[in-house]
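Data block for final_24.tsv (TSV, C-alpha atoms and all ligand atoms):
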chain	number	residue	atom	x	y	z
U	1	MET	CA	5.19	6.30	2.97
U	2	SER	CA	7.13	9.50	2.46
U	3	GLN	CA	9.83	9.96	-0.12
U	4	THR	CA	13.33	11.14	0.70
U	5	LEU	CA	13.65	14.60	-0.80
U	6	PHE	CA	17.06	15.72	-1.86
U	7	ASP	CA	18.05	18.65	-4.04
U	8	TYR	CA	21.24	19.25	-6.00
U	9	THR	CA	21.55	22.93	-6.71
U	10	ARG	CA	24.23	22.84	-9.38
U	11	GLN	CA	22.87	23.99	-12.71
U	12	ASP	CA	25.33	22.09	-14.89
U	13	ALA	CA	24.45	18.59	-13.65
U	14	ALA	CA	22.71	16.31	-16.15
U	15	GLY	CA	19.37	14.74	-15.27
U	16	ALA	CA	16.64	15.42	-12.73
U	17	CYS	CA	18.67	17.12	-10.02
U	18	SER	CA	16.05	16.91	-7.30
U	19	THR	CA	14.34	13.77	-6.14
U	20	ALA	CA	11.03	15.69	-6.19
U	21	HIS	CA	11.53	16.24	-9.93
U	22	ALA	CA	12.40	12.57	-10.38
U	23	TRP	CA	9.35	11.34	-8.43
U	24	ALA	CA	7.15	13.65	-10.49
U	25	LYS	CA	8.37	11.91	-13.65
U	26	VAL	CA	7.81	8.35	-12.38
U	27	PRO	CA	5.22	6.75	-14.70
U	28	ALA	CA	1.75	6.14	-13.28
U	29	PRO	CA	0.93	2.50	-12.40
U	30	LEU	CA	-0.54	0.48	-15.29
U	31	THR	CA	-3.54	-1.82	-15.29
U	32	PRO	CA	-2.73	-5.46	-16.16
U	33	PRO	CA	-4.22	-5.12	-19.70
U	34	GLU	CA	-2.21	-1.90	-20.29
U	35	ARG	CA	0.94	-3.61	-19.04
U	36	HIS	CA	0.36	-6.60	-21.30
U	37	ALA	CA	-0.29	-4.46	-24.40
U	38	LEU	CA	2.74	-2.26	-23.82
U	39	ALA	CA	5.03	-5.23	-23.15
U	40	GLU	CA	3.88	-6.85	-26.42
U	41	ARG	CA	4.45	-3.62	-28.32
U	42	ALA	CA	7.91	-3.15	-26.77
U	43	ALA	CA	8.89	-6.75	-27.62
U	44	ALA	CA	7.82	-6.24	-31.25
U	45	LEU	CA	9.76	-2.97	-31.47
U	46	LEU	CA	12.90	-4.52	-29.97
U	47	LYS	CA	12.73	-7.21	-32.67
U	48	GLN	CA	11.95	-4.75	-35.46
U	49	HIS	CA	14.92	-2.54	-34.55
U	50	ASN	CA	17.31	-5.40	-33.78
U	51	ALA	CA	17.60	-3.92	-30.31
U	52	VAL	CA	18.39	-5.53	-26.98
U	53	LEU	CA	17.14	-4.47	-23.55
U	54	VAL	CA	19.78	-4.15	-20.81
U	55	ALA	CA	18.06	-3.71	-17.43
U	56	HIS	CA	19.15	-3.26	-13.83
U	57	TYR	CA	17.64	-5.21	-10.92
U	58	TYR	CA	16.14	-2.04	-9.44
U	59	VAL	CA	13.86	-1.15	-12.37
U	60	ASP	CA	10.18	-2.04	-12.61
U	61	GLY	CA	9.61	-5.82	-12.65
U	62	ALA	CA	7.77	-5.61	-15.99
U	63	LEU	CA	10.93	-4.24	-17.62
U	64	GLN	CA	13.07	-6.94	-16.01
U	65	ASP	CA	10.71	-9.64	-17.29
U	66	LEU	CA	10.67	-8.10	-20.76
U	67	ALA	CA	14.47	-7.98	-20.90
U	68	LEU	CA	14.71	-11.67	-20.05
U	69	ALA	CA	11.87	-12.67	-22.40
U	70	THR	CA	13.45	-10.89	-25.36
U	71	GLY	CA	17.07	-12.07	-25.10
U	72	GLY	CA	18.33	-9.14	-23.06
U	73	ILE	CA	19.68	-9.13	-19.53
U	74	VAL	CA	18.85	-8.10	-15.98
U	75	SER	CA	22.01	-7.70	-13.96
U	76	ASP	CA	24.31	-5.59	-11.83
U	77	SER	CA	26.13	-2.64	-13.34
U	78	LEU	CA	29.32	-4.54	-14.22
U	79	GLU	CA	27.49	-7.23	-16.17
U	80	MET	CA	25.30	-4.61	-17.88
U	81	ALA	CA	28.51	-3.02	-19.20
U	82	ARG	CA	29.94	-6.33	-20.38
U	83	PHE	CA	26.71	-7.52	-21.95
U	84	GLY	CA	26.15	-4.29	-23.88
U	85	ARG	CA	29.74	-4.29	-25.15
U	86	ASP	CA	29.65	-7.93	-26.28
U	87	HIS	CA	26.14	-8.14	-27.77
U	88	ALA	CA	25.82	-8.01	-31.56
U	89	ALA	CA	22.72	-5.79	-31.53
U	90	GLN	CA	23.34	-2.33	-32.95
U	91	THR	CA	20.79	-0.72	-30.63
U	92	LEU	CA	21.08	-1.06	-26.85
U	93	VAL	CA	18.16	0.09	-24.75
U	94	VAL	CA	19.35	0.70	-21.21
U	95	ALA	CA	16.72	0.56	-18.47
U	96	GLY	CA	18.54	1.96	-15.48
U	97	VAL	CA	20.18	5.28	-14.77
U	98	ARG	CA	22.19	7.61	-16.93
U	99	PHE	CA	25.69	6.47	-15.98
U	100	MET	CA	24.73	2.96	-17.14
U	101	GLY	CA	23.71	4.29	-20.56
U	102	GLU	CA	26.88	6.37	-20.75
U	103	THR	CA	29.06	3.37	-19.91
U	104	ALA	CA	27.35	1.38	-22.68
U	105	LYS	CA	27.98	4.19	-25.18
U	106	ILE	CA	31.60	4.69	-24.06
U	107	LEU	CA	32.29	1.00	-24.66
U	108	SER	CA	30.32	0.78	-27.94
U	109	PRO	CA	30.41	4.16	-29.71
U	110	GLU	CA	29.21	2.58	-32.96
U	111	LYS	CA	25.96	1.43	-31.31
U	112	ARG	CA	22.85	3.47	-30.75
U	113	VAL	CA	22.14	3.65	-27.00
U	114	LEU	CA	18.58	4.58	-26.07
U	115	MET	CA	17.15	5.20	-22.62
U	116	PRO	CA	13.49	5.65	-21.64
U	117	ASP	CA	14.30	8.90	-19.80
U	118	LEU	CA	17.68	10.64	-19.81
U	119	ASP	CA	16.74	12.53	-16.65
U	120	ALA	CA	17.22	9.29	-14.72
U	121	THR	CA	20.42	10.05	-12.85
U	122	CYS	CA	21.96	9.07	-9.50
U	123	SER	CA	22.77	10.98	-6.31
U	124	LEU	CA	26.37	9.75	-6.44
U	125	ASP	CA	26.80	11.12	-9.96
U	126	LEU	CA	25.11	14.42	-9.02
U	127	GLY	CA	27.20	14.70	-5.88
U	128	CYS	CA	30.50	14.53	-7.76
U	129	PRO	CA	30.76	17.42	-10.26
U	130	ALA	CA	33.67	16.95	-12.67
U	131	ASP	CA	35.34	20.31	-12.05
U	132	ASP	CA	35.38	19.93	-8.24
U	133	PHE	CA	36.59	16.39	-8.68
U	134	ALA	CA	39.39	17.51	-11.00
U	135	ARG	CA	40.60	19.91	-8.28
U	136	PHE	CA	40.61	17.04	-5.76
U	137	CYS	CA	42.70	14.95	-8.19
U	138	ASP	CA	45.06	17.84	-8.95
U	139	ALA	CA	45.73	18.23	-5.22
U	140	HIS	CA	46.82	14.56	-4.92
U	141	PRO	CA	48.83	13.65	-8.02
U	142	ASP	CA	50.60	10.82	-6.17
U	143	ARG	CA	47.40	8.75	-5.88
U	144	GLN	CA	45.70	6.27	-8.20
U	145	VAL	CA	42.26	7.68	-8.98
U	146	VAL	CA	39.57	5.02	-8.51
U	147	VAL	CA	35.98	5.97	-9.26
U	148	TYR	CA	32.76	4.08	-8.82
U	149	ALA	CA	30.71	3.37	-11.96
U	150	ASN	CA	28.03	5.76	-10.64
U	151	THR	CA	29.77	8.86	-12.06
U	152	SER	CA	29.64	10.99	-15.19
U	153	ALA	CA	31.80	10.38	-18.27
U	154	ALA	CA	33.76	13.52	-17.36
U	155	VAL	CA	34.65	12.13	-13.92
U	156	LYS	CA	35.63	8.79	-15.46
U	157	ALA	CA	37.85	10.68	-17.91
U	158	ARG	CA	39.91	11.83	-14.91
U	159	ALA	CA	40.20	8.36	-13.38
U	160	ASP	CA	42.79	5.62	-13.62
U	161	TRP	CA	40.26	2.93	-12.68
U	162	MET	CA	36.51	2.53	-12.75
U	163	VAL	CA	35.09	-0.08	-10.39
U	164	THR	CA	31.65	-1.43	-9.53
U	165	SER	CA	30.55	-2.89	-6.22
U	166	SER	CA	31.29	-6.39	-7.53
U	167	CYS	CA	35.01	-5.81	-8.19
U	168	ALA	CA	35.99	-2.74	-6.13
U	169	LEU	CA	37.41	-4.77	-3.25
U	170	GLU	CA	39.62	-6.88	-5.50
U	171	ILE	CA	40.92	-3.97	-7.54
U	172	VAL	CA	41.75	-1.77	-4.55
U	173	SER	CA	43.30	-4.76	-2.79
U	174	ASP	CA	45.52	-5.36	-5.81
U	175	LEU	CA	46.55	-1.69	-6.01
U	176	HIS	CA	47.28	-1.66	-2.27
U	177	ALA	CA	49.43	-4.81	-2.60
U	178	LYS	CA	51.42	-2.96	-5.27
U	179	GLY	CA	52.06	-0.08	-2.85
U	180	GLN	CA	49.64	2.38	-4.47
U	181	LYS	CA	47.76	5.05	-2.54
U	182	ILE	CA	44.15	5.64	-3.60
U	183	LEU	CA	41.94	8.64	-4.23
U	184	TRP	CA	38.37	7.31	-4.11
U	185	ALA	CA	35.06	8.80	-5.29
U	186	PRO	CA	32.22	9.29	-4.82
U	187	ASP	CA	30.52	6.89	-2.34
U	188	ARG	CA	31.87	7.44	1.18
U	189	HIS	CA	30.27	4.29	2.62
U	190	LEU	CA	31.62	1.97	-0.06
U	191	GLY	CA	35.00	3.72	0.16
U	192	ARG	CA	35.14	3.29	3.94
U	193	TYR	CA	34.13	-0.37	3.67
U	194	ILE	CA	36.88	-1.07	1.12
U	195	GLN	CA	39.40	0.89	3.15
U	196	GLU	CA	38.59	-1.19	6.25
U	197	GLN	CA	38.70	-4.48	4.36
U	198	THR	CA	41.95	-3.84	2.51
U	199	GLY	CA	43.86	-1.49	4.82
U	200	ALA	CA	44.65	0.64	1.77
U	201	ASP	CA	45.57	4.32	2.12
U	202	MET	CA	42.43	5.94	0.70
U	203	LEU	CA	41.24	9.54	0.50
U	204	LEU	CA	37.44	9.56	0.22
U	205	TRP	CA	35.04	11.86	-1.59
U	206	ASN	CA	31.98	12.65	0.53
U	207	GLY	CA	29.15	11.28	-1.64
U	208	ALA	CA	26.27	8.95	-0.79
U	209	CYS	CA	23.41	7.05	-2.35
U	210	ILE	CA	20.16	8.56	-1.11
U	211	VAL	CA	18.52	5.12	-1.02
U	212	HIS	CA	21.15	3.13	0.87
U	213	ASP	CA	22.06	6.01	3.18
U	214	GLU	CA	18.62	5.65	4.78
U	215	PHE	CA	19.09	2.13	6.15
U	216	ARG	CA	19.37	2.24	9.93
U	217	GLY	CA	21.62	0.11	12.15
U	218	LEU	CA	19.65	0.48	15.38
U	219	GLU	CA	16.37	-0.59	13.80
U	220	LEU	CA	18.13	-3.42	11.97
U	221	GLU	CA	19.29	-4.78	15.34
U	222	ILE	CA	15.69	-4.83	16.57
U	223	LEU	CA	14.50	-6.50	13.35
U	224	ARG	CA	17.18	-9.18	13.66
U	225	GLU	CA	16.00	-9.98	17.19
U	226	GLN	CA	12.50	-10.49	15.79
U	227	HIS	CA	13.80	-12.84	13.08
U	228	PRO	CA	16.49	-15.04	14.63
U	229	GLY	CA	18.20	-17.11	11.94
U	230	ALA	CA	17.51	-14.65	9.13
U	231	LEU	CA	20.57	-13.84	7.02
U	232	VAL	CA	21.34	-10.15	6.60
U	233	LEU	CA	22.27	-9.11	3.05
U	234	VAL	CA	23.70	-5.62	2.59
U	235	HIS	CA	24.78	-3.57	-0.40
U	236	PRO	CA	28.03	-1.76	0.54
U	237	GLU	CA	26.58	1.68	-0.28
U	238	SER	CA	24.88	1.35	3.14
U	239	PRO	CA	26.16	3.02	6.33
U	240	LYS	CA	28.76	1.31	8.53
U	241	SER	CA	26.23	0.49	11.30
U	242	VAL	CA	24.28	-1.59	8.75
U	243	VAL	CA	27.26	-3.19	6.96
U	244	GLU	CA	28.63	-4.32	10.36
U	245	GLN	CA	25.57	-6.51	10.89
U	246	ALA	CA	25.73	-8.17	7.47
U	247	ASP	CA	26.18	-11.86	6.80
U	248	VAL	CA	26.80	-11.01	3.15
U	249	VAL	CA	28.05	-7.67	1.78
U	250	GLY	CA	28.04	-7.41	-1.99
U	251	SER	CA	26.79	-6.17	-5.31
U	252	THR	CA	23.19	-6.68	-6.37
U	253	SER	CA	24.18	-9.91	-8.15
U	254	ALA	CA	26.04	-11.16	-5.08
U	255	LEU	CA	22.99	-10.51	-2.88
U	256	ILE	CA	20.72	-12.41	-5.27
U	257	LYS	CA	23.19	-15.28	-5.36
U	258	ALA	CA	23.21	-15.34	-1.54
U	259	VAL	CA	19.42	-15.78	-1.46
U	260	VAL	CA	19.40	-18.42	-4.20
U	261	GLU	CA	22.20	-20.48	-2.69
U	262	GLY	CA	21.57	-19.82	1.02
U	263	ASN	CA	20.11	-22.41	3.40
U	264	ALA	CA	18.36	-19.90	5.67
U	265	PRO	CA	14.57	-19.65	5.46
U	266	ALA	CA	14.56	-15.84	5.75
U	267	TYR	CA	16.67	-12.94	4.47
U	268	ILE	CA	16.78	-9.31	5.55
U	269	VAL	CA	17.65	-7.28	2.46
U	270	ALA	CA	19.36	-3.87	2.72
U	271	THR	CA	19.28	-2.55	-0.82
U	272	ASP	CA	16.76	-0.96	-3.21
U	273	ASN	CA	13.57	-3.02	-2.96
U	274	GLY	CA	13.33	-3.32	-6.76
U	275	ILE	CA	15.69	-6.28	-6.31
U	276	LEU	CA	12.97	-8.29	-4.54
U	277	HIS	CA	11.25	-8.99	-7.88
U	278	ARG	CA	14.15	-11.08	-9.18
U	279	MET	CA	14.88	-12.58	-5.74
U	280	ARG	CA	11.28	-13.85	-5.50
U	281	GLN	CA	11.49	-15.35	-8.99
U	282	LEU	CA	14.81	-17.10	-8.36
U	283	ALA	CA	14.15	-18.16	-4.77
U	284	PRO	CA	10.43	-18.85	-4.42
U	285	GLY	CA	9.40	-19.94	-0.96
U	286	LYS	CA	12.11	-18.01	0.86
U	287	THR	CA	11.03	-15.18	3.13
U	288	LEU	CA	12.41	-11.78	2.13
U	289	ILE	CA	12.24	-8.94	4.64
U	290	GLU	CA	13.09	-5.34	3.74
U	291	ALA	CA	15.72	-3.77	6.00
U	292	PRO	CA	14.36	-0.83	8.03
U	293	THR	CA	14.60	2.76	6.82
U	294	ALA	CA	12.51	4.23	9.62
U	295	GLY	CA	12.31	4.35	13.40
U	296	ASN	CA	13.82	6.38	16.20
U	297	SER	CA	17.24	6.70	14.56
U	298	ALA	CA	15.87	7.62	11.11
U	299	THR	CA	15.56	11.13	9.75
U	300	CYS	CA	12.46	10.14	7.76
U	301	LYS	CA	10.77	7.01	6.52
U	302	SER	CA	12.17	6.34	3.09
U	303	CYS	CA	10.64	3.97	0.58
U	304	ALA	CA	13.96	2.17	-0.10
U	305	HIS	CA	13.47	2.73	-3.81
U	306	CYS	CA	15.52	4.85	-6.17
U	307	PRO	CA	13.37	7.58	-7.79
U	308	TRP	CA	15.65	7.70	-10.83
U	309	MET	CA	15.45	3.94	-11.42
U	310	ALA	CA	11.67	4.25	-11.01
U	311	MET	CA	11.50	6.69	-13.95
U	312	ASN	CA	11.88	3.74	-16.34
U	313	GLY	CA	8.54	2.33	-17.47
U	314	LEU	CA	6.99	0.36	-20.30
U	315	ALA	CA	5.34	3.44	-21.88
U	316	ASN	CA	8.52	5.53	-22.12
U	317	LEU	CA	10.39	2.43	-23.28
U	318	VAL	CA	7.94	2.06	-26.17
U	319	ASP	CA	8.23	5.80	-26.90
U	320	CYS	CA	12.01	5.69	-27.13
U	321	LEU	CA	11.93	2.66	-29.43
U	322	GLU	CA	9.33	4.30	-31.68
U	323	SER	CA	11.05	7.68	-31.91
U	324	GLY	CA	14.71	6.65	-31.58
U	325	GLU	CA	15.03	9.26	-28.81
U	326	PRO	CA	16.40	10.02	-26.33
U	327	GLN	CA	19.83	8.72	-27.21
U	328	ILE	CA	22.98	8.81	-25.12
U	329	GLN	CA	25.72	10.91	-26.70
U	330	VAL	CA	29.23	11.23	-25.35
U	331	ASP	CA	31.65	13.73	-26.80
U	332	GLU	CA	34.37	11.72	-28.61
U	333	PRO	CA	37.54	13.06	-26.90
U	334	LEU	CA	35.82	12.60	-23.52
U	335	ARG	CA	34.64	9.12	-24.50
U	336	VAL	CA	38.15	8.01	-25.42
U	337	LYS	CA	39.52	9.27	-22.10
U	338	ALA	CA	36.68	7.70	-20.08
U	339	GLN	CA	37.01	4.37	-21.89
U	340	ALA	CA	40.52	3.76	-20.55
U	341	CYS	CA	39.49	3.38	-16.90
U	342	ILE	CA	36.51	1.15	-17.79
U	343	ASN	CA	38.64	-1.11	-19.98
U	344	ARG	CA	41.21	-1.39	-17.21
U	345	MET	CA	38.48	-2.75	-14.92
U	346	LEU	CA	37.08	-5.10	-17.58
U	347	ASP	CA	40.56	-6.45	-18.38
U	348	PHE	CA	41.28	-6.94	-14.67
U	349	THR	CA	38.05	-8.85	-14.01
U	350	ALA	CA	38.44	-10.93	-17.20
U	351	ALA	CA	41.98	-11.90	-16.17
U	352	ARG	CA	40.77	-12.84	-12.67
U	353	ARG	CA	37.97	-14.90	-14.16
U	354	SER	CA	40.27	-16.91	-16.38
U	355	ALA	CA	42.93	-17.27	-13.68
U	356	THR	CA	40.50	-18.67	-11.12
U	357	ALA	CA	38.13	-20.29	-13.65
U	358	ALA	CA	35.45	-18.74	-11.44
U	359	PRO	CA	33.76	-15.36	-11.54
U	360	THR	CA	34.69	-12.66	-9.06
U	361	SER	CA	31.35	-12.71	-7.30
U	362	GLY	CA	29.94	-15.96	-8.64
U	363	ILE	CA	27.57	-16.87	-11.38
U	364	THR	CA	24.39	-18.69	-10.57
U	365	PRO	CA	22.38	-19.67	-13.65
U	366	GLY	CA	19.83	-17.00	-14.39
U	367	ILE	CA	21.74	-14.32	-12.49
U	368	GLY	CA	23.57	-11.59	-14.32
U	369	ALA	CA	26.50	-11.91	-11.98
U	370	ALA	CA	29.91	-10.40	-12.14
U	401	LIG	P1	25.37	-2.80	-8.54
U	401	LIG	O1	26.56	-2.62	-9.42
U	401	LIG	O2	25.65	-3.63	-7.32
U	401	LIG	O3	24.23	-3.37	-9.34
U	401	LIG	O4	24.93	-1.40	-7.96
U	401	LIG	C1	24.51	-0.32	-8.76
U	401	LIG	C2	23.79	0.69	-7.99
U	401	LIG	O5	23.47	1.76	-8.46
U	401	LIG	C3	23.48	0.38	-6.60
U	401	LIG	O6	22.75	1.41	-6.02
U	402	LIG	FE1	22.37	5.95	-7.53
U	402	LIG	FE2	21.50	5.00	-5.24
U	402	LIG	FE3	19.86	5.13	-7.33
U	402	LIG	FE4	21.89	3.31	-7.25
U	402	LIG	S1	20.11	3.37	-5.92
U	402	LIG	S2	21.29	4.60	-8.98
U	402	LIG	S3	23.46	4.51	-6.20
U	402	LIG	S4	20.78	6.86	-6.25
When written as structure tokens, how does the structure in this file appear?
Amino acid sequence: MSQTLFDYTRQDAAGACSTAHAWAKVPAPLTPPERHALAERAAALLKQHNAVLVAHYYVDGALQDLALATGGIVSDSLEMARFGRDHAAQTLVVAGVRFMGETAKILSPEKRVLMPDLDATCSLDLGCPADDFARFCDAHPDRQVVVYANTSAAVKARADWMVTSSCALEIVSDLHAKGQKILWAPDRHLGRYIQEQTGADMLLWNGACIVHDEFRGLELEILREQHPGALVLVHPESPKSVVEQADVVGSTSALIKAVVEGNAPAYIVATDNGILHRMRQLAPGKTLIEAPTAGNSATCKSCAHCPWMAMNGLANLVDCLESGEPQIQVDEPLRVKAQACINRMLDFTAARRSATAAPTSGITPGIGAA
């Protein structure tokens, strides 16, 4: 299976700017005894340092299992932010990508935030440099600036709102109802989806996730014919031709919830295939089929897995706990500015939760849902 190669030429971007660089840093597979020994060592170090592991659904299954076994969390990006902010531990270890570590640090500057590899970034973050973005904002001062979580602290510092895939629809809908026009960045597919759902006046930045951008509508149609009755679950970072065929469109937590609570025997899943680990655990016996990323309409056959998420492993997790490096640092004036748009989102979702006495995208026990 070939890997999608993508290069970001800007020299000032943080992290591994090309996917080739990211794939080269993905840890080698471990033997079961190696995995067991490293997981035990990591658990002991987490305890010794009063640290908690905050993991995303796309990272290696061994890290997800370790997070759950040691009192941490595996969740979507909104719940990762909430959990890190609210947990008493003074050290947060974030297994995910850089913007997730930065969000944790922005919300909890007094805590030490470690990551296994700071080069783990995101194509959406790389595709939205802060200075270009500032010019876009300057050109449209009449618009509310809404940015996706998958951005740098500097981009968040320019925003009025941060959103994640689990609350973006509600927040934009609310702004639209109040007569606000929106400037949206960076994911063009998610932006278009929200624009279509809400009817809001939105200007879109032209960014994309290299993983979700590879799902193909034409091949999905063929797959659906082969599996009549299968429910189609799609993350909204996917192209329109894929989203249009979805039975459920939602955040990673929402897609897991759909599998756990659904009555269908089979599910076609259009998101990073790291999510299948938790889906299999929570919904044993259900058939999970990966959505197609290849075929006549594809530019290449992608592996449907994020190279930056894949950079997190047990060995570099142990290393960062032993050495206390690398740590996320965010310049204080920038942090204060970036915090405002994240808090606005957290306050909005908390108010919605208490008003409806139900979460925005549902909580199923065992799911780190929004
Ligand atoms: P979620 O917030 O849905 O977990 O998505 C994060 C992400 O990076 C998806 O590619
Ligand atoms: Fe970014 Fe896509 Fe990776 Fe998510 S899956 S972290 S959006 S590149």
Measuring between all atoms listed in the file, which one of U:Ile275, U:Leu92, U:Ala153, U:Leu183 shows the shortest distance to ligand LIG 401 (chain U)?
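Answer, going by the shortest atom-to-atom distance: U:Ile275.
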Grab the CA of Thr91 (chain U) to CA of Asp60 (chain U) distance for me, in Å with one decimal place.
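Spanning CA of Thr91 (chain U) to CA of Asp60 (chain U) is a straight-line distance of 21.0 Å.
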Quick one: residues within 9 Å of Ser238 (chain U), all atoms listed in the file counted, chain neighbours fewer than 6 positions away excluded, as a ChimeraX atom specification?
/U:189-190,208-209,211-216,270-271
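Between CA of Asn206 (chain U) and CA of Ala185 (chain U) there is a distance of 7.6 Å.
Relative to CA of His56 (chain U), CA of Gly285 (chain U) is found at 23.2 Å.
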Any residue with an atom at most 8 Å from ligand LIG 402 (chain U) counts, using only C-alpha atoms and all ligand atoms. Which are they? Put them as a PyMOL selection string.
chain U and resi 58+96-97+121-125+150+208-212+237+271-272+305-309
Taking all atoms listed in the file into account, which residues are within 6 Å of ligand LIG 401 (chain U), as a PDB file with C-alpha atoms, keeping the file's coordinate frame?
ATOM      1  CA  ASP U  76      24.310  -5.590 -11.830  1.00  0.00           C
ATOM      2  CA  SER U  77      26.130  -2.640 -13.340  1.00  0.00           C
ATOM      3  CA  LEU U  78      29.320  -4.540 -14.220  1.00  0.00           C
ATOM      4  CA  THR U 164      31.650  -1.430  -9.530  1.00  0.00           C
ATOM      5  CA  SER U 165      30.550  -2.890  -6.220  1.00  0.00           C
ATOM      6  CA  SER U 251      26.790  -6.170  -5.310  1.00  0.00           C
ATOM      7  CA  THR U 252      23.190  -6.680  -6.370  1.00  0.00           C
TER       8      THR U 252
END
